[in-house]
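Notes for the one structure printed next.
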Amino acid sequence: MRKLNMDELGRKTVAEFKAADKTPLVLVLDNVRSMHNVGSVFRTADAFLLQGIVLCGYTPVPPHRDIQKTALGATETVEWQYFATTAEAVGALKQEGYTVMAIEQAVQSEKLDVFRPSGAPLALVFGNEVAGVDSEVMKMVDGCIEIPQSGMKHSLNIAVSTGIVVWDLFCKLKP
């Protein structure tokens with residue numbers, strides 16, 4: 001066995017990425033404080049060719065070297081926008097026809113392994129590293145997806161949560 005070299009990976013250029021059909025999924029970051037987490041989310045969005053990222057509140061925005069450190073150039077490929085509040089972002093996405101789901105442990109949440117996306121484009125709200133998704137935003141979303149967990153902590157880093165959820169939905173959305 002041997003690892004593939006860079007030429008064999010078939011990576012897209014920035015122009016090819018921007019022109020490609022995107023996975024109908026937008027990630028919304030609700031007051032995420034860590035630049036490294038933000039960079040990691042950009043990298044995940046690039047890896048799965050997502051439509052974009054919405055950064056809200058005090059979530060740091062590019063350009064910043066600490067975001068770039070983990071994004072590895074994904075801030076150049078993935079479309080992003082900023083909203084002063086997550087509530088504004090959720091309202092705008094709903095007006096554009098998105099189904100908006102929070103990724104959170106909540107009453108009546110749907111387990112990720114059984115969740116099936118509808119035909120509408122999907123926006124996922126990921127919350128602050130300590131407080132999770134804001135309670136006012138929880139009142140606005142169309143539903144809630146929970147990552148099943150069995151350990152003691154029942155808590156995952158936002159970058160890890162994003163990777164798990166995006167991979168699962170990417171597989172479910174593939175034709």
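All residue names refer to the structure tokens as shown: chains lettered A, B, ... in order, residues numbered from 1 in each chain, ligands numbered from 1 in order.
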Report as a tab-separated table: every residue of stretch 94-124 of chain A with an atom at most 9 Å from stretch 156-175 of chain A, its closest pair of atoms, and their distance in Å to one decimal, counting only C-alpha atoms, with rows sorted by chain and ascending residue number.
residue	atom	partner	partner_atom	distance
A:Ile103	CA	A:Ser161	CA	8.4
A:Leu112	CA	A:Val165	CA	7.3
A:Asp113	CA	A:Asp168	CA	7.9
A:Phe115	CA	A:Leu169	CA	8.8
A:Arg116	CA	A:Lys172	CA	7.3
A:Pro117	CA	A:Leu173	CA	7.5
When you look at stretch 29-44 of chain A with a cut-off of 7 Å (counting only C-alpha atoms), what residues show up, excluding the ones that are within fewer than 2 positions of it in the same chain? I need them as a ChimeraX atom specification.
/A:27,46-48,54-60,66-68,70-71,74-75,78,86,125-129,133,158-159,162-163
Calculated over only C-alpha atoms, which of the candidates A:Leu50, A:Leu4, A:Ala20, A:Met138 has the smallest distance to A:Ala106?
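So, comparing all the options, the nearest one is A:Met138.
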Within 8 Å of A:Gly52, counting only C-alpha atoms, which residues show up once you throw out same-chain ones fewer than 3 positions away? Write them as a PDB file with N, CA and C atoms, in the first residue's frame, please.
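Below is the file selection.pdb, written as the result:
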ATOM      1  N   LEU A  25     -26.020  22.659   1.765  1.00  0.00           N
ATOM      2  CA  LEU A  25     -25.857  22.706   3.207  1.00  0.00           C
ATOM      3  C   LEU A  25     -25.070  23.960   3.574  1.00  0.00           C
ATOM      4  N   VAL A  26     -25.607  24.725   4.544  1.00  0.00           N
ATOM      5  CA  VAL A  26     -24.947  25.924   5.063  1.00  0.00           C
ATOM      6  C   VAL A  26     -24.738  25.717   6.559  1.00  0.00           C
ATOM      7  N   LEU A  27     -23.573  26.109   7.043  1.00  0.00           N
ATOM      8  CA  LEU A  27     -23.260  26.002   8.470  1.00  0.00           C
ATOM      9  C   LEU A  27     -23.337  27.383   9.103  1.00  0.00           C
ATOM     10  N   ALA A  45     -16.069  22.489   5.578  1.00  0.00           N
ATOM     11  CA  ALA A  45     -16.970  22.982   4.528  1.00  0.00           C
ATOM     12  C   ALA A  45     -16.325  22.854   3.149  1.00  0.00           C
ATOM     13  N   VAL A  78     -14.478  28.687   0.373  1.00  0.00           N
ATOM     14  CA  VAL A  78     -15.836  28.606   0.929  1.00  0.00           C
ATOM     15  C   VAL A  78     -16.427  30.004   1.070  1.00  0.00           C
ATOM     16  N   GLU A  79     -17.629  30.177   0.504  1.00  0.00           N
ATOM     17  CA  GLU A  79     -18.349  31.447   0.644  1.00  0.00           C
ATOM     18  C   GLU A  79     -18.771  31.619   2.104  1.00  0.00           C
ATOM     19  N   TRP A  80     -18.664  32.838   2.611  1.00  0.00           N
ATOM     20  CA  TRP A  80     -19.099  33.090   3.973  1.00  0.00           C
ATOM     21  C   TRP A  80     -19.688  34.488   4.063  1.00  0.00           C
TER      22      TRP A  80
END
Write down as an NGL selection string the residues of chain A whose backbone DSSP state falls under strand (DSSP E).
:A and (23-30 or 50-56 or 80-83 or 99-103 or 110-111 or 122-126 or 143-146)
Test item: residues at most 8 Å from stretch 6-18 of chain A, only C-alpha atoms, excluding those fewer than 3 positions along its chain, as a list of chain:residue names:
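Returned residues: A:Leu49, A:Glu76, A:Thr77, A:Val78.
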Expected file contents, prior selection, N, CA, C and O atoms, as a PDB file, in the first residue's frame:
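Writing done, so here's again_0.pdb:
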ATOM      1  N   LEU A  49     -17.571  20.419  -0.026  1.00  0.00           N
ATOM      2  CA  LEU A  49     -18.106  21.308  -1.054  1.00  0.00           C
ATOM      3  C   LEU A  49     -19.449  21.924  -0.638  1.00  0.00           C
ATOM      4  O   LEU A  49     -20.423  21.898  -1.379  1.00  0.00           O
ATOM      5  N   GLU A  76     -10.547  30.911   1.337  1.00  0.00           N
ATOM      6  CA  GLU A  76     -10.495  31.417  -0.043  1.00  0.00           C
ATOM      7  C   GLU A  76     -11.495  30.703  -0.941  1.00  0.00           C
ATOM      8  O   GLU A  76     -11.854  31.213  -1.997  1.00  0.00           O
ATOM      9  N   THR A  77     -11.933  29.511  -0.565  1.00  0.00           N
ATOM     10  CA  THR A  77     -12.841  28.732  -1.407  1.00  0.00           C
ATOM     11  C   THR A  77     -14.277  28.790  -0.919  1.00  0.00           C
ATOM     12  O   THR A  77     -15.201  28.929  -1.719  1.00  0.00           O
ATOM     13  N   VAL A  78     -14.478  28.687   0.373  1.00  0.00           N
ATOM     14  CA  VAL A  78     -15.836  28.606   0.929  1.00  0.00           C
ATOM     15  C   VAL A  78     -16.427  30.004   1.070  1.00  0.00           C
ATOM     16  O   VAL A  78     -15.818  30.898   1.663  1.00  0.00           O
TER      17      VAL A  78
END
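Counting only C-alpha atoms, the residue from A:Val90, A:Val28, A:Lys111, A:Ser118 that sits nearest to A:Lys139 is A:Val90.
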Would you mind telling me which residue in A:Cys144, A:Ala92, A:Val130, A:Ala84 lies nearest to A:Ser109 when using only C-alpha atoms?
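Nearest to A:Ser109: A:Cys144.
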